[in-house]
>>> print(open('query06.txt').read())   # compact mmCIF, C-alpha atoms
# COMPACT_ATOMS: atom_id res chain seq x y z
CA MET A 1 0.00 0.00 0.00
CA LYS A 2 2.55 2.54 -1.10
CA LYS A 3 0.25 4.83 -3.07
CA ILE A 4 -3.29 5.09 -1.76
CA SER A 5 -6.07 6.92 -3.55
CA VAL A 6 -8.90 8.18 -1.34
CA CYS A 7 -12.12 8.32 -3.38
CA GLY A 8 -15.79 8.96 -2.84
CA LYS A 9 -18.73 11.22 -3.34
CA GLY A 10 -18.28 14.96 -2.92
CA GLY A 11 -18.73 15.86 0.73
CA SER A 12 -18.19 12.32 2.00
CA GLY A 13 -15.15 13.48 3.96
CA LYS A 14 -12.24 12.42 1.74
CA SER A 15 -9.99 15.29 2.83
CA SER A 16 -10.71 14.65 6.51
CA VAL A 17 -9.96 10.96 6.04
CA VAL A 18 -6.75 11.81 4.17
CA THR A 19 -5.69 14.04 7.07
CA LEU A 20 -6.50 11.40 9.69
CA LEU A 21 -4.75 8.73 7.63
CA ALA A 22 -1.65 10.89 7.15
CA LYS A 23 -1.39 11.55 10.87
CA GLU A 24 -1.82 7.91 11.82
CA MET A 25 0.66 6.72 9.18
CA ARG A 26 3.14 9.25 10.53
CA GLU A 27 2.50 7.97 14.06
CA ARG A 28 3.52 4.54 12.79
CA GLY A 29 6.83 5.87 11.51
CA TYR A 30 6.07 6.43 7.84
CA ARG A 31 7.16 9.52 5.97
CA VAL A 32 3.93 10.66 4.34
CA LEU A 33 3.40 12.56 1.10
CA VAL A 34 -0.15 13.89 0.67
CA VAL A 35 -1.05 14.57 -2.96
CA ASP A 36 -3.83 17.12 -3.35
CA SER A 37 -5.44 15.96 -6.58
CA ASP A 38 -8.72 17.81 -6.09
CA GLU A 39 -8.83 20.67 -8.58
CA SER A 40 -11.69 22.42 -6.76
CA ASN A 41 -11.55 22.34 -2.95
CA PRO A 42 -8.84 24.68 -1.68
CA GLY A 43 -8.35 23.87 1.98
CA LEU A 44 -6.54 20.55 2.46
CA TYR A 45 -3.31 22.30 3.44
CA ARG A 46 -5.12 24.04 6.30
CA MET A 47 -6.54 20.75 7.61
CA LEU A 48 -3.00 19.38 7.67
CA GLY A 49 -1.76 22.42 9.57
CA PHE A 50 0.27 24.12 6.84
CA GLU A 51 0.26 27.90 6.57
CA LYS A 52 0.23 27.96 2.80
CA ARG A 53 -0.42 25.69 -0.15
CA PRO A 54 2.61 24.68 -2.21
CA ASP A 55 2.88 25.91 -5.80
CA PRO A 56 0.89 23.60 -8.06
CA LEU A 57 2.87 20.93 -9.92
CA LEU A 58 1.11 22.20 -13.04
CA GLY A 59 3.74 24.93 -12.88
CA LEU A 60 6.36 22.32 -13.84
CA VAL A 61 4.88 22.25 -17.33
CA GLY A 62 4.50 26.01 -17.51
CA GLY A 63 1.00 26.20 -16.09
CA LYS A 64 -2.16 25.55 -18.01
CA LYS A 65 -1.95 28.78 -20.02
CA ASN A 66 1.76 29.01 -20.67
CA VAL A 67 2.24 25.42 -21.73
CA PHE A 68 0.69 26.24 -25.10
CA ARG A 69 2.74 29.41 -25.54
CA THR A 70 5.86 27.39 -24.84
CA PHE A 71 4.87 24.89 -27.50
CA SER A 72 4.13 27.50 -30.15
CA GLU A 73 7.50 29.16 -29.63
CA GLU A 74 9.16 25.82 -30.39
CA SER A 75 11.32 26.09 -27.35
CA GLU A 76 12.96 23.02 -25.90
CA PRO A 77 10.82 20.98 -23.54
CA SER A 78 11.30 22.18 -19.99
CA GLN A 79 13.88 20.31 -17.99
CA SER A 80 11.47 19.73 -15.14
CA ILE A 81 11.46 16.68 -12.90
CA LEU A 82 8.51 15.44 -14.95
CA THR A 83 10.95 14.51 -17.71
CA GLN A 84 12.60 12.09 -15.28
CA GLU A 85 11.54 8.44 -15.34
CA GLU A 86 11.60 8.34 -11.55
CA ILE A 87 10.78 11.10 -9.09
CA ARG A 88 11.73 10.82 -5.42
CA ILE A 89 10.20 13.05 -2.76
CA VAL A 90 13.61 14.70 -2.23
CA ASP A 91 13.72 15.63 -5.94
CA LEU A 92 10.76 17.99 -5.59
CA PRO A 93 11.83 21.65 -5.82
CA PRO A 94 11.07 23.40 -2.50
CA GLN A 95 8.35 25.66 -3.85
CA TYR A 96 6.32 22.61 -4.89
CA ILE A 97 6.19 20.90 -1.49
CA VAL A 98 5.36 21.96 2.04
CA GLU A 99 6.63 19.74 4.83
CA MET A 100 6.22 19.55 8.59
CA ASP A 101 6.97 16.82 11.10
CA GLY A 102 7.35 14.07 8.53
CA ILE A 103 4.26 14.93 6.49
CA GLY A 104 4.66 16.61 3.11
CA MET A 105 2.06 17.88 0.70
CA VAL A 106 2.06 18.61 -3.02
CA CYS A 107 -0.77 20.06 -5.07
CA ILE A 108 -1.49 19.08 -8.68
CA GLY A 109 -3.41 22.23 -9.66
CA LYS A 110 -6.63 24.16 -9.14
CA ILE A 111 -9.25 25.61 -11.41
CA LEU A 112 -8.57 29.33 -11.19
CA GLN A 113 -11.02 31.10 -13.47
CA SER A 114 -14.19 30.60 -15.45
CA LEU A 115 -13.99 29.46 -19.08
CA GLU A 116 -10.44 28.17 -18.63
CA GLY A 117 -11.31 24.79 -20.09
CA CYS A 118 -11.56 21.32 -18.65
CA ALA A 119 -9.45 19.83 -15.87
CA CYS A 120 -8.06 17.01 -18.01
CA PRO A 121 -4.47 18.31 -17.87
CA MET A 122 -4.60 18.03 -14.10
CA GLY A 123 -5.83 14.45 -14.32
CA ALA A 124 -3.05 13.62 -16.76
CA LEU A 125 -0.51 15.28 -14.51
CA SER A 126 -1.76 13.34 -11.47
CA ARG A 127 -1.40 10.10 -13.41
CA GLU A 128 2.08 10.87 -14.74
CA PHE A 129 3.40 12.26 -11.43
CA LEU A 130 2.14 9.25 -9.47
CA LYS A 131 3.46 6.87 -12.11
CA ARG A 132 6.95 8.34 -11.77
CA LEU A 133 6.88 8.76 -7.99
CA ARG A 134 9.33 6.35 -6.38
CA LEU A 135 8.84 5.80 -2.66
CA GLN A 136 11.29 4.36 -0.14
CA GLU A 137 10.28 1.48 2.11
CA ASP A 138 9.23 3.87 4.88
CA GLU A 139 7.37 6.29 2.62
CA VAL A 140 3.73 6.34 1.60
CA ALA A 141 1.69 8.61 -0.69
CA ILE A 142 -1.95 9.41 0.08
CA VAL A 143 -3.92 10.97 -2.76
CA ASP A 144 -6.89 13.22 -1.98
CA MET A 145 -8.76 12.51 -5.19
CA GLU A 146 -11.30 14.77 -6.83
CA ALA A 147 -14.91 13.96 -6.01
CA GLY A 148 -16.77 11.48 -8.14
CA ILE A 149 -15.36 9.07 -10.70
CA GLU A 150 -13.95 11.06 -13.61
CA HIS A 151 -10.41 10.28 -12.44
CA PHE A 152 -11.01 6.67 -13.47
CA GLY A 153 -11.72 7.88 -17.00
CA ARG A 154 -8.44 9.78 -16.92
CA GLY A 155 -6.53 6.68 -15.84
CA VAL A 156 -5.17 8.10 -12.59
CA GLU A 157 -5.72 4.80 -10.77
CA THR A 158 -3.39 3.00 -13.20
CA SER A 159 -0.55 4.71 -11.31
CA ILE A 160 -1.50 3.74 -7.76
CA ASP A 161 -1.59 0.61 -5.58
CA SER A 162 -4.72 0.89 -3.45
CA VAL A 163 -8.11 2.58 -3.44
CA LEU A 164 -9.82 3.62 -0.21
CA ILE A 165 -13.52 4.38 -0.72
CA VAL A 166 -15.10 6.77 1.77
CA VAL A 167 -18.86 6.38 2.23
CA GLU A 168 -21.09 8.82 4.09
CA PRO A 169 -24.64 8.04 5.19
CA SER A 170 -26.47 8.83 1.96
CA PHE A 171 -28.02 6.75 -0.80
CA ASP A 172 -25.91 8.45 -3.47
CA SER A 173 -22.73 7.78 -1.56
CA LEU A 174 -23.60 4.08 -1.26
CA GLU A 175 -24.38 3.95 -4.97
CA LEU A 176 -21.15 5.69 -5.88
CA ALA A 177 -19.15 3.30 -3.70
CA ASP A 178 -20.52 0.45 -5.80
CA LYS A 179 -19.51 2.25 -8.99
CA ILE A 180 -16.02 3.05 -7.70
CA ASN A 181 -15.54 -0.55 -6.60
CA THR A 182 -16.49 -1.74 -10.09
CA LEU A 183 -14.23 0.78 -11.82
CA ALA A 184 -11.31 -0.11 -9.55
CA THR A 185 -11.77 -3.77 -10.41
CA GLU A 186 -11.85 -2.90 -14.11
CA VAL A 187 -8.43 -1.24 -13.91
CA GLY A 188 -7.05 -4.32 -12.14
CA MET A 189 -6.83 -2.88 -8.65
CA ASP A 190 -6.06 -5.63 -6.10
CA ASN A 191 -6.50 -3.54 -2.97
CA THR A 192 -9.83 -1.75 -2.67
CA TRP A 193 -11.06 -0.95 0.82
CA THR A 194 -14.23 0.75 1.99
CA ILE A 195 -14.79 2.73 5.17
CA LEU A 196 -17.83 4.49 6.58
CA ASN A 197 -17.54 8.13 7.57
CA LYS A 198 -19.67 10.64 9.49
CA VAL A 199 -21.70 7.79 10.98
CA MET A 200 -24.07 9.07 13.64
CA SER A 201 -25.09 5.81 15.32
CA GLU A 202 -24.38 2.10 15.37
CA GLU A 203 -27.82 1.54 13.84
CA ILE A 204 -26.89 3.67 10.82
CA ALA A 205 -23.53 1.93 10.55
CA LEU A 206 -25.28 -1.46 10.44
CA LYS A 207 -27.69 -0.27 7.77
CA MET A 208 -24.84 1.08 5.65
CA ARG A 209 -22.84 -2.14 6.05
CA ASP A 210 -25.90 -4.19 5.04
CA GLU A 211 -26.48 -2.08 1.94
CA LEU A 212 -22.82 -2.35 0.93
CA GLU A 213 -22.77 -6.10 1.62
CA LYS A 214 -25.66 -6.44 -0.86
CA LYS A 215 -23.39 -4.84 -3.43
CA GLY A 216 -20.60 -7.25 -2.56
CA ILE A 217 -18.57 -4.62 -0.70
CA SER A 218 -17.03 -5.38 2.69
CA VAL A 219 -16.48 -2.52 5.09
CA ILE A 220 -13.16 -2.52 6.95
CA GLY A 221 -13.92 0.22 9.43
CA SER A 222 -15.89 3.23 10.45
CA VAL A 223 -15.26 6.82 11.52
CA GLY A 224 -18.13 8.31 13.49
CA TYR A 225 -19.57 11.77 13.20
CA ASP A 226 -17.11 14.00 15.04
CA PRO A 227 -18.00 17.56 16.17
CA ASP A 228 -14.27 18.39 16.23
CA ILE A 229 -14.00 17.66 12.49
CA PHE A 230 -17.18 19.64 11.83
CA GLN A 231 -15.81 22.61 13.76
CA ALA A 232 -12.38 22.52 12.10
CA GLY A 233 -14.05 22.30 8.69
CA LEU A 234 -16.31 25.24 9.49
CA GLU A 235 -13.41 27.39 10.64
CA GLY A 236 -10.90 26.22 8.02
CA ARG A 237 -8.18 25.22 10.47
CA LEU A 238 -5.94 22.36 11.52
CA LEU A 239 -7.92 19.20 11.99
CA GLN A 240 -7.48 17.87 15.51
CA ALA A 241 -9.89 15.10 16.33
CA SER A 242 -8.61 12.58 18.83
CA LYS A 243 -11.72 10.37 18.72
CA SER A 244 -11.58 10.05 14.93
CA GLU A 245 -7.81 9.58 15.01
CA ARG A 246 -8.29 6.58 17.30
CA GLU A 247 -10.88 5.15 14.93
CA MET A 248 -8.55 5.64 11.97
CA GLY A 249 -5.85 3.93 13.99
CA LYS A 250 -8.05 0.86 14.36
CA ILE A 251 -8.65 0.84 10.61
CA LEU A 252 -4.91 1.04 9.97
CA ASP A 253 -4.31 -1.82 12.40
CA GLN A 254 -6.24 -4.01 9.97
CA LEU A 255 -4.41 -2.76 6.90
CA LEU A 256 -0.77 -2.83 8.07
CA MET B 1 -11.29 19.95 -25.26
CA CYS B 2 -9.49 17.08 -23.54
CA LEU B 3 -5.98 15.93 -24.19
CA ALA B 4 -6.01 13.62 -27.19
CA THR B 5 -4.77 10.17 -28.05
CA VAL B 6 -3.36 9.98 -31.57
CA TYR B 7 -3.44 6.87 -33.76
CA VAL B 8 -2.10 6.01 -37.19
CA ASP B 9 -4.45 4.10 -39.46
CA ASN B 10 -2.31 1.27 -40.81
CA ASP B 11 -4.72 -0.23 -43.36
CA GLY B 12 -7.54 -0.40 -40.83
CA GLN B 13 -5.35 -1.25 -37.83
CA MET B 14 -5.25 1.65 -35.40
CA GLU B 15 -1.81 2.04 -33.85
CA GLU B 16 -1.54 4.41 -30.91
CA VAL B 17 1.44 6.69 -31.40
CA MET B 18 1.05 9.30 -28.66
CA HIS B 19 -1.23 10.07 -25.72
CA ASP B 20 -1.90 13.23 -23.71
CA VAL B 21 -1.38 15.25 -26.89
CA ALA B 22 -1.86 18.94 -26.11
CA TRP B 23 -0.70 20.63 -29.31
CA ILE B 24 -1.13 19.72 -32.98
CA GLU B 25 0.36 21.82 -35.74
CA PRO B 26 0.16 21.21 -39.50
CA GLU B 27 3.55 21.83 -41.05
CA SER B 28 4.80 21.71 -44.61
CA GLN B 29 6.45 18.37 -43.84
CA GLY B 30 3.51 16.85 -42.01
CA VAL B 31 1.82 17.00 -38.64
CA LEU B 32 3.69 18.01 -35.47
CA LEU B 33 2.39 16.51 -32.22
CA ILE B 34 3.47 17.74 -28.79
CA SER B 35 2.36 15.98 -25.63
CA PHE B 36 1.36 17.60 -22.36
CA LEU B 37 4.79 16.78 -20.94
CA GLY B 38 6.65 18.17 -23.94
CA GLU B 39 7.34 15.06 -26.05
CA ARG B 40 7.47 16.06 -29.76
CA GLN B 41 6.98 13.92 -32.84
CA LEU B 42 6.63 14.89 -36.49
CA PHE B 43 4.59 12.60 -38.75
CA HIS B 44 4.98 12.84 -42.53
CA THR B 45 1.29 12.47 -43.17
CA ARG B 46 -2.08 14.16 -42.84
CA ILE B 47 -4.87 14.10 -40.31
CA LYS B 48 -7.58 11.66 -41.30
CA SER B 49 -10.15 12.37 -38.61
CA ILE B 50 -10.67 14.14 -35.29
CA ASP B 51 -13.18 12.72 -32.82
CA LEU B 52 -13.78 15.32 -30.13
CA MET B 53 -16.19 13.07 -28.23
CA ARG B 54 -13.51 10.43 -27.72
CA SER B 55 -10.56 12.83 -27.77
CA SER B 56 -8.97 10.70 -30.47
CA ILE B 57 -7.21 11.76 -33.64
CA VAL B 58 -6.36 9.47 -36.52
CA LEU B 59 -3.48 10.14 -38.89
CA GLN B 60 -3.25 8.63 -42.35
CA LYS B 61 -0.57 6.04 -42.95
CA GLU B 62 2.59 7.73 -44.20
CA GLU B 63 3.19 7.32 -47.92
CA GLY B 64 5.78 4.62 -48.46
CA GLY B 65 6.20 4.29 -44.71
CA LYS B 66 4.80 2.31 -41.84
CA GLY B 67 3.07 5.15 -40.13
CA SER B 68 6.06 5.67 -37.86
CA PRO B 69 7.09 9.11 -36.78
CA GLN B 70 10.46 10.78 -36.69
CA GLY B 71 11.74 9.64 -33.35
CA GLY B 72 10.64 6.53 -31.53
CA VAL B 73 7.40 5.75 -29.80
CA ASP B 74 6.70 3.53 -26.88
CA PRO B 75 4.04 1.05 -27.98
CA GLY B 76 3.74 -0.23 -24.44
CA GLU B 77 2.10 2.92 -23.12
CA PRO B 78 -1.60 2.53 -22.31
CA ALA B 79 -4.25 4.52 -24.15
CA HIS B 80 -5.97 7.29 -22.20
>>> encode(input="query06.txt", output="structure tokens")
Amino acid sequence: MKKISVCGKGGSGKSSVVTLLAKEMRERGYRVLVVDSDESNPGLYRMLGFEKRPDPLLGLVGGKKNVFRTFSEESEPSQSILTQEEIRIVDLPPQYIVEMDGIGMVCIGKILQSLEGCACPMGALSREFLKRLRLQEDEVAIVDMEAGIEHFGRGVETSIDSVLIVVEPSFDSLELADKINTLATEVGMDNTWTILNKVMSEEIALKMRDELEKKGISVIGSVGYDPDIFQAGLEGRLLQASKSEREMGKILDQLL
Amino acid sequence: MCLATVYVDNDGQMEEVMHDVAWIEPESQGVLLISFLGERQLFHTRIKSIDLMRSSIVLQKEEGGKGSPQGGVDPGEPAH
């Protein structure tokens, strides 16, 4: 489980789960690289406790606008790390990574303005960056994926090892988990895990597990509704949620 | 428009020659393709079709050639 993609419906809590997972992996001695692959939501860096977001990796190819100007001027391809067959975390230029206490974060790119076109270049960049990323034995990459399933169409999952599906208590989220599970199987993913998130009672957890079992999906763990996560999300600050961290720890105990 | 996958039509057999193509430029010698990451290849041929729904572009087979570009391609790369 070197490169883990965290997927699910929009609002299911992927970024919170990524943050909890990063903290717990760090607690277990791993050096963690969080890859912000969500081109819309801006605040993952705040949840992780960073003061600023790193420059987007899209800048390594000149940015979405300038890449075409570069091409038309027939200049040489940029000598960025993306031309390397293998990229190690230490290869990343400092402006493209923020790091603190053994957790680093990179950002693929964000939609900045209206009418700028589709986000396909960001999907392609996620796929190519993750494909080239070479991790040491004690390193792990956790990808905060964009909401929904378009990333499967872009082939991002062909560059990772494991998919973690986050399911919140809603019919659509359960349905989407089924779809993600199918798509992950189609790309040959061996490790697909499902967890429940924002669960308000054991009764709801049981109902969700039953519904997922009917779809052939086993649930490996559950994170309950946590007012601390709600409050941190509302205020846009560092996520500190000891109850949820313990629950994520139990989930990791099963996976490691 | 999405990044494109480009194929050469070798007598009905579609051979993928580049993916994540971001720039296509007709030149006097043929068609220049540049990928998102800056890979460049010039094909001595013409564009046969452009399918914007599938983000796929088909080049005609090069006259007297095998549909190969100047410079090598990696046939092992998956289509996207």
>>> closest_atom_pairs(input="query06.txt", of="chain A", to="chain B", cutoff="7 Å", atoms="all atoms listed in the file", output="JSON lines")
{"residue": "A:Val61", "atom": "CA", "partner": "B:Leu37", "partner_atom": "CA", "distance": 6.6}
{"residue": "A:Pro77", "atom": "CA", "partner": "B:Gly38", "partner_atom": "CA", "distance": 5.0}
{"residue": "A:Cys118", "atom": "CA", "partner": "B:Met1", "partner_atom": "CA", "distance": 6.8}
{"residue": "A:Cys120", "atom": "CA", "partner": "B:Cys2", "partner_atom": "CA", "distance": 5.7}
{"residue": "A:Pro121", "atom": "CA", "partner": "B:Leu3", "partner_atom": "CA", "distance": 6.9}
{"residue": "A:Arg154", "atom": "CA", "partner": "B:His80", "partner_atom": "CA", "distance": 6.3}
{"residue": "A:Gly155", "atom": "CA", "partner": "B:His80", "partner_atom": "CA", "distance": 6.4}
>>> residues_around(input="query06.txt", residues="Ile229 (chain A)", least_positions_apart="3", cutoff="7 Å", atoms="all atoms listed in the file", output="list in words")
Asp226, Ala232, Gly233, Leu239 and Ala241 of chain A
>>> atom_distance(input="query06.txt", atom1="CA of Thr192 (chain A)", atom2="CA of Gly49 (chain A)")
28.3 Å
>>> atom_distance(input="query06.txt", atom1="CA of Pro227 (chain A)", atom2="CA of Ser244 (chain A)")
10.0 Å
>>> residues_around(input="query06.txt", residues="Gly249 (chain A)", least_positions_apart="5", cutoff="9 Å", atoms="all atoms listed in the file", output="list in words")
Leu20, Leu21, Glu24, Met25, Ser244 and Gln254 of chain A
>>> atom_distance(input="query06.txt", atom1="CA of Met189 (chain A)", atom2="CA of Ala124 (chain A)")
18.8 Å
>>> closest_residue(input="query06.txt", among="A:Ile4, A:Ile195, A:Val106, A:Leu234", to="Lys52 (chain A)", atoms="all atoms listed in the file")
A:Val106
